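Written out below as structure tokens is the structure these notes cover.
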There are 2 protein chains.
Amino acid sequence: MRITYLDNAASSWPKPPGVKEAMAEAIDDYGANPGRGGHALAMKASKTIFRTRMQVSRLFGIKNPNDLFFYLNATQALNQAIKGFLREGDHVISSSIEHNSVRRPLEYLRRTKQVDVTYVEPRADGLFYAEDFQAAIRPETRLIAVSHASNLTGLILPIVEIGRIAKEGEVAFLVDASQTAGILPIDVEKMNIDMLAFPGHKGLYGPQGTGALYVRSDLDLEPLIHGGTGSQSEAIEQPTTRPDRFESGTANTVGLAGLLAGVTFILETGVEKIHAHEWSLAKKTIQALQQIKGVDVYGPGTEIERVGVVAFNIHGADASEVSYILDQQYGIATRAGYHCTPLGHRTAGTEERGAVRASFGYFNTDEDVELLITAVTEIASAFHPS
Amino acid sequence: MRITYLDNAASSWPKPPGVKEAMAEAIDDYGANPGRGGHALAMKASKTIFRTRMQVSRLFGIKNPNDLFFYLNATQALNQAIKGFLREGDHVISSSIEHNSVRRPLEYLRRTKQVDVTYVEPRADGLFYAEDFQAAIRPETRLIAVSHASNLTGLILPIVEIGRIAKEGEVAFLVDASQTAGILPIDVEKMNIDMLAFPGHKGLYGPQGTGALYVRSDLDLEPLIHGGTGSQSEAIEQPTTRPDRFESGTANTVGLAGLLAGVTFILETGVEKIHAHEWSLAKKTIQALQQIKGVDVYGPGTEIERVGVVAFNIHGADASEVSYILDQQYGIATRAGYHCTPLGHRTAGTEERGAVRASFGYFNTDEDVELLITAVTEIASAFHPS
């Protein structure tokens, strides 16, 4: 059965041409440990990683590529940002749509370091307002940490305005770009973003095993991981130089070679074009789903632009059952459940049952939307015969 | 120029047949997020990761594959073990040949949590004795953390005896198998190993971006990374189930598919055969280097079996200069410097100048040894004309 892949918010698939080939070349030609040996293979590995750092930096307006650190995934990047920055007794402002990769580290610090957390909620219209973040600032507030977009409804947060407020309030600003990196324009300088965390395997079209954190050069975090850096080996302490201070142990050279190909594809295609395509598919999907009897679609109306993530339920049907039927009977890959965002579900009103999520990537087509709509129409009619 | 790769202690190269292909298949066929969606691709990804967990567990005598957690590299695994286990005021015993991936986390805890650390030294014969670890045990000792083998001289530590002592003393036992996983037989049950950390990209012949930690089922560590696990998404706290509790965020499915191929190669070949081959090459190298005028070789005599790592210097020549000439003039990839083990260098007496390290893998041959010996002979004669 042909697979209609609508789970790009979890991991993008397929990857653009060149990703697999770049990884195979890395395995064959320079499977060495970068920066740890001066020999030709290690130099080639170092060069690939540096080029990846450069290209990713270019995409996000990061001036110094050494302010960008590579990790296993966005979750590790977020843990480094949150646990490395916050101190005993700090107050942090976040949102009610956060993924567990933001919420669980915050709640951990609440338990262990008396960090206080305020989760800003959307207003009655379902939207977030920067003023509500401003109103939550207190003297002990040191960080605003928010998702750029919800992984459940695709709702985009007003990060330009929140960034301005953070700057005015002299509060650091961390953005989780898990659903937007490679999809929406992001410029860390213009948007006053002090820390930006993102995965390599979603909108950047790299392989799994890659994620990254940008940290503004004058913010000094405590490293989460200590170890060998290939530099200042004789010192007991982590080196102070970047990126070494925040990148201990052997890097994922092979994965980063793939990420380089993915990011190069993004830079050549342009995020505006990618987002326009994905939103166009999501919008059509939302509008069509709204016409189906017995189907609930979550999030604000389609007059508000979102990223290509659509959450819905069929009345009387379990989300995981619907997702299972879509997979088994129609070959359509969606995701059911809580999507690691219990707060997001409370916000969307789906905390009791979860939701089915369909998420689009650049390689999805109008035909994929039609297949999904036909399938959901059939399934819904079984639950709601007219 | 043909490359003679003698830097396997940093990362093994080349990889066995099948590693690259398994990764390409993962990218093409199931580049999805495992365990986060019930659809066919995600199931295939989950299955690959589970099979990797099974095969790796088999290699180390781990009874429950869910006690094995995958990370970016061995450094992250060691940080999870050390920082997740040790508490304020604990005493830990380690050795003087540790890599910075053990030493720096320990020193960090010394600074921040008043953890006390004893580094056991080798005796005059250059060897470590289990009794010296026993003698260092105090009432507040909670952990013995040692390398299975030195990444500088290849010296093997008596971990069977140390494990017995740890068990008798009711002290947890952590082994860093960075230089031995896939090379020496390791059985966590028989050796009383409570925690075992190792990389996937060295002796296990997987790609970079993979590392793992085994933790005995009744040891409860604090997770180092908090986030989404695809399970119990509605809970504020990390789930208690393994491996989820210790594996937040998207796994490196593609890398783990490669690791599966690497480990399968190890299981089919047999670690005894691999070690015998590598030690045979290292032994020949050591014996030949000892015959060259003006060359110092470090570590004990060749009557003591080691892993395939050889450290040496040419009198009057800088280690990095020698390594550079080997690379540029002879196409021989070695590594010069401190190898992230300042303690190891003090132990070997090379703390002032570092050393050149040649490290062998299963794919090296007698011819590689001859090429190295010829090259070092020529370089040494330039510094020490007879």
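A note on labels: chains of the structure tokens are A, B, ... as shown, every chain counts residues from 1, and ligands are counted from 1 in their shown order.
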Exercise for review: Could you please tell me, as a PyMOL selection string, which residues of chain B have an atom within 7 Å of chain A when using only C-alpha atoms?
Suggested key: chain B and resi 10-11+13-14+20+24+27-28+31-33+37-40+72-73+75-76+79+100-102+104-105+107+208-209+225-228+230+233-234+236-237+248-254+324+327+333-336+338+340-342
Which of stretch 191-377 of chain B DSSP labels alpha helix (DSSP H), written as a tab-separated table (two decimals) with N, CA, C and O atoms, in the first residue's frame:
```
chain	number	residue	atom	x	y	z
B	253	THR	N	16.94	6.96	15.43
B	253	THR	CA	16.56	5.71	14.76
B	253	THR	C	17.57	5.31	13.68
B	253	THR	O	17.97	4.14	13.60
B	254	VAL	N	17.95	6.25	12.87
B	254	VAL	CA	18.85	5.96	11.76
B	254	VAL	C	20.20	5.45	12.28
B	254	VAL	O	20.74	4.45	11.80
B	255	GLY	N	20.73	6.13	13.28
B	255	GLY	CA	22.00	5.71	13.86
B	255	GLY	C	21.89	4.34	14.53
B	255	GLY	O	22.80	3.51	14.43
B	256	LEU	N	20.76	4.10	15.20
B	256	LEU	CA	20.58	2.82	15.89
B	256	LEU	C	20.40	1.68	14.89
B	256	LEU	O	20.79	0.54	15.17
B	257	ALA	N	19.84	1.98	13.73
B	257	ALA	CA	19.76	0.96	12.67
B	257	ALA	C	21.18	0.57	12.24
B	257	ALA	O	21.48	-0.61	12.03
B	258	GLY	N	22.06	1.55	12.15
B	258	GLY	CA	23.46	1.28	11.82
B	258	GLY	C	24.15	0.51	12.94
B	258	GLY	O	24.93	-0.42	12.68
B	259	LEU	N	23.85	0.89	14.17
B	259	LEU	CA	24.45	0.20	15.31
B	259	LEU	C	24.02	-1.27	15.35
B	259	LEU	O	24.83	-2.15	15.66
B	260	LEU	N	22.79	-1.51	14.99
B	260	LEU	CA	22.29	-2.90	14.95
B	260	LEU	C	23.15	-3.74	13.99
B	260	LEU	O	23.54	-4.87	14.32
B	261	ALA	N	23.43	-3.16	12.84
B	261	ALA	CA	24.28	-3.87	11.87
B	261	ALA	C	25.69	-4.09	12.44
B	261	ALA	O	26.28	-5.16	12.29
B	262	GLY	N	26.22	-3.07	13.11
B	262	GLY	CA	27.55	-3.18	13.70
B	262	GLY	C	27.61	-4.26	14.77
B	262	GLY	O	28.52	-5.10	14.79
B	263	VAL	N	26.65	-4.24	15.68
B	263	VAL	CA	26.64	-5.20	16.78
B	263	VAL	C	26.39	-6.62	16.27
B	263	VAL	O	26.97	-7.59	16.79
B	264	THR	N	25.56	-6.74	15.25
B	264	THR	CA	25.33	-8.05	14.66
B	264	THR	C	26.64	-8.61	14.09
B	264	THR	O	26.95	-9.79	14.26
B	265	PHE	N	27.42	-7.73	13.49
B	265	PHE	CA	28.75	-8.13	12.99
B	265	PHE	C	29.63	-8.63	14.14
B	265	PHE	O	30.32	-9.65	14.02
B	266	ILE	N	29.59	-7.94	15.26
B	266	ILE	CA	30.39	-8.33	16.43
B	266	ILE	C	29.96	-9.70	16.95
B	266	ILE	O	30.77	-10.58	17.21
B	267	LEU	N	28.64	-9.87	17.07
B	267	LEU	CA	28.12	-11.15	17.59
B	267	LEU	C	28.49	-12.30	16.66
B	267	LEU	O	28.79	-13.40	17.13
B	268	GLU	N	28.47	-12.05	15.37
B	268	GLU	CA	28.80	-13.11	14.42
B	268	GLU	C	30.30	-13.41	14.40
B	268	GLU	O	30.71	-14.55	14.23
B	269	THR	N	31.10	-12.37	14.57
B	269	THR	CA	32.55	-12.54	14.52
B	269	THR	C	33.10	-13.08	15.84
B	269	THR	O	33.97	-13.95	15.86
B	271	VAL	N	33.88	-11.52	20.03
B	271	VAL	CA	34.82	-10.54	20.59
B	271	VAL	C	36.20	-11.13	20.81
B	271	VAL	O	37.21	-10.44	20.66
B	272	GLU	N	36.27	-12.43	21.14
B	272	GLU	CA	37.57	-13.06	21.38
B	272	GLU	C	38.45	-12.95	20.12
B	272	GLU	O	39.63	-12.62	20.20
B	273	LYS	N	37.84	-13.23	18.98
B	273	LYS	CA	38.58	-13.18	17.72
B	273	LYS	C	39.00	-11.74	17.40
B	273	LYS	O	40.13	-11.50	16.95
B	274	ILE	N	38.10	-10.82	17.66
B	274	ILE	CA	38.40	-9.41	17.40
B	274	ILE	C	39.55	-8.94	18.28
B	274	ILE	O	40.51	-8.34	17.81
B	275	HIS	N	39.45	-9.24	19.57
B	275	HIS	CA	40.49	-8.80	20.49
B	275	HIS	C	41.83	-9.45	20.15
B	275	HIS	O	42.88	-8.78	20.15
B	276	ALA	N	41.80	-10.75	19.85
B	276	ALA	CA	43.05	-11.46	19.54
B	276	ALA	C	43.76	-10.80	18.35
B	276	ALA	O	44.98	-10.57	18.37
B	277	HIS	N	42.97	-10.45	17.34
B	277	HIS	CA	43.55	-9.82	16.16
B	277	HIS	C	44.13	-8.44	16.49
B	277	HIS	O	45.27	-8.12	16.13
B	278	GLU	N	43.36	-7.64	17.22
B	278	GLU	CA	43.81	-6.28	17.52
B	278	GLU	C	45.03	-6.28	18.44
B	278	GLU	O	45.95	-5.49	18.27
B	279	TRP	N	45.02	-7.18	19.42
B	279	TRP	CA	46.15	-7.25	20.35
B	279	TRP	C	47.40	-7.76	19.62
B	279	TRP	O	48.52	-7.29	19.88
B	280	SER	N	47.19	-8.67	18.70
B	280	SER	CA	48.32	-9.18	17.93
B	280	SER	C	48.99	-8.04	17.15
B	280	SER	O	50.22	-7.92	17.12
B	281	LEU	N	48.18	-7.18	16.55
B	281	LEU	CA	48.74	-6.04	15.81
B	281	LEU	C	49.42	-5.05	16.75
B	281	LEU	O	50.51	-4.54	16.47
B	282	ALA	N	48.78	-4.78	17.88
B	282	ALA	CA	49.33	-3.83	18.83
B	282	ALA	C	50.65	-4.35	19.41
B	282	ALA	O	51.63	-3.60	19.56
B	283	LYS	N	50.67	-5.63	19.73
B	283	LYS	CA	51.85	-6.24	20.32
B	283	LYS	C	53.04	-6.15	19.34
B	283	LYS	O	54.15	-5.76	19.73
B	284	LYS	N	52.79	-6.51	18.09
B	284	LYS	CA	53.84	-6.40	17.07
B	284	LYS	C	54.34	-4.96	16.97
B	284	LYS	O	55.53	-4.71	16.83
B	285	THR	N	53.40	-4.04	17.03
B	285	THR	CA	53.76	-2.62	16.92
B	285	THR	C	54.64	-2.19	18.10
B	285	THR	O	55.68	-1.54	17.92
B	286	ILE	N	54.22	-2.56	19.29
B	286	ILE	CA	54.96	-2.17	20.49
B	286	ILE	C	56.38	-2.75	20.42
B	286	ILE	O	57.38	-2.05	20.64
B	287	GLN	N	56.45	-4.04	20.10
B	287	GLN	CA	57.76	-4.70	20.06
B	287	GLN	C	58.66	-4.07	18.99
B	287	GLN	O	59.86	-3.88	19.20
B	288	ALA	N	58.08	-3.73	17.85
B	288	ALA	CA	58.89	-3.12	16.79
B	288	ALA	C	59.31	-1.70	17.15
B	288	ALA	O	60.45	-1.30	16.92
B	289	LEU	N	58.37	-0.94	17.77
B	289	LEU	CA	58.69	0.43	18.16
B	289	LEU	C	59.82	0.45	19.19
B	289	LEU	O	60.69	1.34	19.17
B	290	GLN	N	59.79	-0.54	20.08
B	290	GLN	CA	60.83	-0.60	21.13
B	290	GLN	C	62.22	-0.79	20.55
B	290	GLN	O	63.22	-0.48	21.19
B	319	ALA	N	54.91	15.45	19.70
B	319	ALA	CA	53.96	14.39	19.32
B	319	ALA	C	53.08	14.81	18.14
B	319	ALA	O	52.86	14.04	17.20
B	320	SER	N	52.62	16.06	18.18
B	320	SER	CA	51.71	16.47	17.11
B	320	SER	C	52.46	16.62	15.78
B	320	SER	O	51.90	16.39	14.72
B	321	GLU	N	53.76	16.95	15.87
B	321	GLU	CA	54.57	17.04	14.66
B	321	GLU	C	54.71	15.64	14.04
B	321	GLU	O	54.56	15.46	12.82
B	322	VAL	N	54.99	14.67	14.87
B	322	VAL	CA	55.15	13.29	14.39
B	322	VAL	C	53.84	12.80	13.76
B	322	VAL	O	53.81	12.24	12.66
B	323	SER	N	52.73	13.06	14.44
B	323	SER	CA	51.43	12.63	13.93
B	323	SER	C	51.12	13.32	12.61
B	323	SER	O	50.58	12.70	11.68
B	324	TYR	N	51.52	14.57	12.52
B	324	TYR	CA	51.28	15.35	11.30
B	324	TYR	C	52.09	14.78	10.13
B	324	TYR	O	51.57	14.62	9.02
B	325	ILE	N	53.35	14.46	10.40
B	325	ILE	CA	54.19	13.88	9.33
B	325	ILE	C	53.63	12.52	8.91
B	325	ILE	O	53.56	12.21	7.72
B	326	LEU	N	53.21	11.73	9.88
B	326	LEU	CA	52.62	10.41	9.56
B	326	LEU	C	51.41	10.58	8.62
B	326	LEU	O	51.24	9.83	7.66
B	327	ASP	N	50.61	11.59	8.91
B	327	ASP	CA	49.42	11.82	8.10
B	327	ASP	C	49.78	12.34	6.71
B	327	ASP	O	49.37	11.80	5.69
B	328	GLN	N	50.60	13.40	6.69
B	328	GLN	CA	50.87	14.10	5.43
B	328	GLN	C	51.80	13.31	4.50
B	328	GLN	O	51.59	13.29	3.30
B	329	GLN	N	52.83	12.71	5.08
B	329	GLN	CA	53.84	12.05	4.24
B	329	GLN	C	53.53	10.58	4.00
B	329	GLN	O	53.96	10.02	3.00
B	330	TYR	N	52.82	9.97	4.92
B	330	TYR	CA	52.63	8.52	4.81
B	330	TYR	C	51.15	8.10	4.71
B	330	TYR	O	50.87	6.92	4.52
B	342	PRO	N	44.23	13.68	31.01
B	342	PRO	CA	45.40	14.26	31.69
B	342	PRO	C	45.93	13.36	32.80
B	342	PRO	O	47.14	13.24	33.00
B	343	LEU	N	45.01	12.70	33.49
B	343	LEU	CA	45.43	11.80	34.57
B	343	LEU	C	46.22	10.63	33.99
B	343	LEU	O	47.23	10.19	34.54
B	344	GLY	N	45.74	10.16	32.85
B	344	GLY	CA	46.42	9.04	32.20
B	344	GLY	C	47.83	9.43	31.78
B	344	GLY	O	48.75	8.62	31.89
B	345	HIS	N	47.99	10.66	31.36
B	345	HIS	CA	49.32	11.10	30.96
B	345	HIS	C	50.25	11.24	32.15
B	345	HIS	O	51.42	10.93	32.05
B	346	ARG	N	49.71	11.68	33.27
B	346	ARG	CA	50.55	11.77	34.46
B	346	ARG	C	50.98	10.37	34.84
B	346	ARG	O	52.15	10.12	35.15
B	347	THR	N	50.02	9.44	34.73
B	347	THR	CA	50.31	8.05	35.06
B	347	THR	C	51.38	7.48	34.12
B	347	THR	O	52.28	6.76	34.53
B	348	ALA	N	51.28	7.85	32.84
B	348	ALA	CA	52.24	7.32	31.86
B	348	ALA	C	53.54	8.13	31.82
B	348	ALA	O	54.49	7.74	31.16
B	366	ASP	N	48.48	-6.74	9.19
B	366	ASP	CA	49.92	-6.72	9.44
B	366	ASP	C	50.61	-5.68	8.56
B	366	ASP	O	51.59	-5.06	8.96
B	367	GLU	N	50.09	-5.51	7.37
B	367	GLU	CA	50.68	-4.53	6.46
B	367	GLU	C	50.60	-3.12	7.05
B	367	GLU	O	51.53	-2.33	6.89
B	368	ASP	N	49.49	-2.83	7.73
B	368	ASP	CA	49.34	-1.51	8.37
B	368	ASP	C	50.42	-1.31	9.43
B	368	ASP	O	50.98	-0.22	9.57
B	369	VAL	N	50.70	-2.38	10.18
B	369	VAL	CA	51.75	-2.30	11.20
B	369	VAL	C	53.09	-2.01	10.52
B	369	VAL	O	53.85	-1.14	10.95
B	370	GLU	N	53.37	-2.72	9.44
B	370	GLU	CA	54.64	-2.53	8.73
B	370	GLU	C	54.78	-1.11	8.20
B	370	GLU	O	55.85	-0.50	8.30
B	371	LEU	N	53.69	-0.59	7.65
B	371	LEU	CA	53.73	0.79	7.13
B	371	LEU	C	54.04	1.78	8.25
B	371	LEU	O	54.84	2.69	8.08
B	372	LEU	N	53.41	1.56	9.42
B	372	LEU	CA	53.64	2.46	10.55
B	372	LEU	C	55.10	2.36	11.02
B	372	LEU	O	55.76	3.39	11.25
B	373	ILE	N	55.57	1.13	11.14
B	373	ILE	CA	56.93	0.94	11.66
B	373	ILE	C	57.97	1.54	10.70
B	373	ILE	O	58.90	2.23	11.12
B	374	THR	N	57.78	1.31	9.42
B	374	THR	CA	58.68	1.90	8.43
B	374	THR	C	58.67	3.42	8.54
B	374	THR	O	59.73	4.08	8.55
B	375	ALA	N	57.50	3.99	8.66
B	375	ALA	CA	57.38	5.44	8.74
B	375	ALA	C	58.04	5.99	10.00
B	375	ALA	O	58.82	6.96	9.94
B	376	VAL	N	57.74	5.36	11.16
B	376	VAL	CA	58.33	5.86	12.41
B	376	VAL	C	59.85	5.70	12.38
B	376	VAL	O	60.58	6.58	12.87
B	377	THR	N	60.31	4.62	11.81
B	377	THR	CA	61.76	4.41	11.69
B	377	THR	C	62.40	5.56	10.90
B	377	THR	O	63.41	6.14	11.32
```
Review point. Looking at B:Ala355, B:Ala136, B:Ala177, B:Glu222, which one is nearest to B:Arg87, with distances taken over only C-alpha atoms?
Key: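 Using only C-alpha atoms, the shortest distance to B:Arg87 belongs to B:Glu222.
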Review point. Would you give me, as a VMD selection string, the residues in stretch 135-366 of chain B that DSSP reads as strand (DSSP E)?
Key: chain B and resid 141 to 147 172 to 176 195 to 199 211 to 215 295 to 297 309 to 314 332 to 333 335 to 337 355 to 359
Review point. So what do you get for atom CA of B:Glu98 versus atom CA of B:Asp67, distance-wise?
Key: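 About the pair atom CA of B:Glu98 and atom CA of B:Asp67: they are 24.7 Å apart.
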**Study point:** Close residues, B:Pro139 itself excluded, 10 Å, only C-alpha atoms, min 6 positions apart in chain, as number ranges by chain
**Key:** B: 90-91, 169, 171
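For the pair atom CA of A:Phe198 and atom CA of A:Gln179, the separation is 8.1 Å.
Atom pair atom CA of A:Val309 / atom CA of A:Val356 has a distance of 10.4 Å (rounded to one decimal).
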Check your understanding: Pick the closest to A:Asp244 from A:Val307, A:Glu121, A:Ala181, A:Leu68: which is it, counting only C-alpha atoms?
Key ->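 That would be A:Leu68, the residue with the smallest distance to A:Asp244.
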Point to revise | Residue neighbourhood stretch 52-61 of chain B, 6 Å, only C-alpha atoms, exclusion window fewer than 4 positions, as a list of chain:residue names | key: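 Here the qualifying residues turn out to be B:Pro65, B:Ile186, B:Asp187, B:Val188, B:Leu260.
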Tell me which protein, DNA and RNA residues are within 8 Å of A:Gly126, counting only C-alpha atoms, leaving out same-chain ones fewer than 4 positions away, and put them as a PDB file with C-alpha atoms, in the first residue's frame.
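Okay, this is what ended up in out38.pdb:
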```pdb
ATOM      1  CA  PRO A 122      -4.694  31.949  25.628  1.00  0.00           C
ATOM      2  CA  GLY A 299      -7.544  25.535  17.164  1.00  0.00           C
ATOM      3  CA  PRO A 300      -8.607  28.961  15.882  1.00  0.00           C
TER       4      PRO A 300
END
```
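Among the candidate residues A:Thr350, A:Thr118, A:Ser217, A:Thr4, the one lying nearest to A:Ile93 is A:Thr118, with distances computed using only C-alpha atoms.
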